[in-house]
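Data block below; observations after.
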Amino acid sequence: MSQHLVFGAGLIGCYLGASLIHKNQNVTLLARQQIAQKLAQGILLTDYLGHKVTTPKPTLLLSNSESQQVFDVIWLTVKCTGVEAAIGQLQTLVHKQTTIICCQNGLGSESVLKHAFPDNRVLRAMVPFNVVELADGHYHRGSEGMFTIESSDNDGDFTEQLIKGIQSPVLPSTSCQQMTQLLWAKLQLNLGNSVNALADIPVKHMLQQRKYRLVIAKMMRELLLVTEAKGVVLPKLTSVPAKILPVVLSLPDVIFKIVANRMLAIDENVRTSMWWDIANGKQTEIDYLNGVIVEEGERLGVNTPVNKKIMGLIQALSNSHSNSRKSFSADELYNLVITSK
């Protein structure tokens with residue numbers, strides 16, 4: 001049986017690790033001491049559809065410890081900002097046939113791994129759903145989406161066998177050969193992360209306010225201009241096609257609630273990972289999300305002013321040392337990034 005390592009037992013890592021344990025995979029979680037203590041009684045997984053899974057205490061490898069063990073499959077679930085720092089420890093855990101699966105938001109972080117491990121299979125994965133920690137050891141999937149692993153002509157059989165081994169109601173999984181296009185489509189959805197961090201309210205409450213949605217819609221339109229210039233065709237990730245999504249977000253509140261009822265079918269307590277990063281004083285992934293749009297826009301001659309302004313606000317918020325963080329109302333944020341010159 002393959003030896004799996006979940007490298008980075010945060011929200012996604014713990015949810016993924018417990019899902020693999022539930023499928024009787026041989027799994028070790030690499031975790032900080034603080035997380036290890038939370039998992040001492042095992043892991044409880046729940047989701048917005050009512051599924052419930054309990055697992056015993058997982059096998060743990062502390063992040064500051066040395067290990068002589070190597071693994072067949074490493075699920076890298078650290079944030080984009082932590083990928084480069086992880087390479088040193090990864091080198092002690094990888095053998096010649098190890099597959100590394102990059103589970104980061106945004107685009108580009110896998111290139112660091114491919115450079116560091118040129119002889120290993122490095123695949124990308126997309127995590128479309130949100131996970132929150134409701135209590136110590138209790139991880140809740142609060143939104144829909146299929147966990148998707150990169151496939152190709154060379155890696156297709158491996159990916160399909162891997163999916164068969166992890167597929168379950170708590171971790172619906174599939175494969176994709178057009179992973180770059182899929183990740184650009186996921187990036188479009190992730191543009192709400194920064195607005196949620198600035199609003200400092202649950203995602204559902206944010207989406208119920210039109211001026212927050214108008215900011216997100218404007219950022220999405222800039223992304224669509226960039227992908228059009230790149231010749232990237234975005235696949236459909238939600239019930240609404242990528243090009244129509246900004247139109248739906250721009251609808252008046254009353255109509256939006258009717259048309260986008262599935263978009264609002266998320267738990268009341270869901271917030272984004274960028275909100276969590278700022279709340280915990282951690283570096284955000286803004287450079288790998290909005291920053292990719294700004295960078296590609298500059299390269300292609302496409303103007304992306306709203307994404308650029310949002311990047312600046314997030315960076316200022318991240319650098320603030322104030323005990324009371326700044327929150328932006330819908331009117332305030334809209335006026336600041338849309339109407340101001």
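Letters A, B, ... mark the chains of the structure tokens in the order given; residue numbers begin at 1 per chain; ligand numbers begin at 1, in order shown.
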Check region 56-258 of chain A with DSSP on the backbone and list each residue it calls helix (DSSP H, G or I), as JSON, numbers by chain. {"A": [80, 81, 82, 83, 84, 85, 86, 87, 88, 89, 90, 110, 111, 112, 113, 114, 115, 116, 156, 157, 158, 159, 160, 161, 162, 163, 164, 165, 166, 179, 180, 181, 182, 183, 184, 185, 186, 187, 188, 189, 190, 192, 193, 194, 195, 196, 197, 198, 199, 203, 204, 205, 206, 207, 210, 211, 212, 213, 214, 215, 216, 217, 218, 219, 220, 221, 222, 223, 224, 225, 226, 227, 228, 229, 230, 245, 246, 247, 248, 249, 253, 254, 255, 256, 257, 258]}
Can you tell me, as an NGL selection string, what residues are no more than 8 Å from Leu317 (chain A) when counting only C-alpha atoms, ignoring any on the same chain fewer than 4 positions away? :A and (278 or 313 or 325-326)
Would you pick out the contacts of Leu249 (chain A) at 8 Å or less, using only C-alpha atoms, so that residues sharing its chain but fewer than 3 positions from it are not included, and give the list as a PyMOL selection string? chain A and resi 210+213-214+216-217+245-246+256
File of the preceding selection, C-alpha atoms, as a tab-separated table (two decimals), in the first residue's frame:
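For reference, selection.tsv as written:
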chain	number	residue	atom	x	y	z
A	210	ARG	CA	-24.49	44.29	-4.10
A	213	ARG	CA	-20.42	41.91	-5.48
A	214	LEU	CA	-19.81	44.78	-7.89
A	216	ILE	CA	-15.76	41.24	-7.27
A	217	ALA	CA	-17.49	41.45	-10.66
A	245	LEU	CA	-20.69	35.28	-13.59
A	246	PRO	CA	-19.85	39.02	-13.37
A	256	PHE	CA	-29.56	38.05	-7.30
Find the spatial neighbours of Thr92 (chain A), counting only C-alpha atoms, within a cut-off of 10 Å - ignore same-chain residues fewer than 2 positions away - and output them as a count of residues only. 12
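Our summary of the geometry notes that CA of Gln104 (chain A) is positioned 22.2 Å from CA of Glu222 (chain A).
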As a tab-separated table (two decimals) with N, CA and C atoms, in the first residue's frame, please: the residues near Pro235 (chain A) (cut-off 8 Å, only C-alpha atoms, same-chain neighbours under 6 positions excluded).
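Final file, result17.tsv:
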chain	number	residue	atom	x	y	z
A	181	GLN	N	-6.22	25.83	-17.45
A	181	GLN	CA	-7.51	26.49	-17.66
A	181	GLN	C	-8.40	26.39	-16.42
A	182	LEU	N	-8.39	25.21	-15.79
A	182	LEU	CA	-9.21	25.02	-14.60
A	182	LEU	C	-8.76	25.92	-13.46
A	185	ALA	N	-9.94	29.37	-13.96
A	185	ALA	CA	-11.36	29.46	-13.60
A	185	ALA	C	-11.53	29.49	-12.08
A	241	PRO	N	-21.78	30.07	-16.30
A	241	PRO	CA	-20.53	30.14	-17.08
A	241	PRO	C	-19.66	31.30	-16.63
A	242	ALA	N	-18.35	31.14	-16.83
A	242	ALA	CA	-17.37	32.12	-16.33
A	242	ALA	C	-17.66	33.53	-16.84
Excluding same-chain residues fewer than 3 positions from Gly50 (chain A), what lies within 12 Å of it counting only C-alpha atoms, as a PyMOL selection string? chain A and resi 45-47+53+140-143+169-170+267
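By only C-alpha atoms, and with residues fewer than 3 positions from Thr28 (chain A) along its chain excluded, the set lying at most 9 Å from it is Gln3, His4, Leu5, Val6, Phe7, Gly17, Pro58, Thr59, Leu60 and Leu61 of chain A.
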Figure out the distance between CA of Met220 (chain A) and CA of Leu187 (chain A), please, to one decimal in Å. 9.1 Å
Could you go through region 13-236 of chain A and tell me which residues DSSP, when run on the backbone, assigns to strand (DSSP E or B), listing them as number ranges by chain? A: 26-31, 43-47, 52-55, 59-62, 71-76, 94-102, 121-126, 131-135, 138-141, 147-150, 168, 171, 173-176
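Using only C-alpha atoms, the smallest distance between any of A:Ala260, A:Ile201, A:Ile101, A:Val27 and Val248 (chain A) comes from A:Ala260.
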Nearest-residue call for Lys57 (chain A), choices A:Met219, A:Val131, A:Ile74, A:Leu39, using only C-alpha atoms: A:Leu39
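Of the listed residues A:Gln97, A:Ser173, A:Tyr139, A:Gln167, the one whose atoms come nearest to Ala125 (chain A) is A:Ser173, with distances taken using only C-alpha atoms.
Across the structure, CA of Phe158 (chain A) and CA of Tyr288 (chain A) are spaced 28.0 Å apart.
Candidate residues A:Asn190, A:Ser250, A:Gln33, A:Ser2 were compared for distance to Gly106 (chain A), and the nearest is A:Asn190, using only C-alpha atoms.
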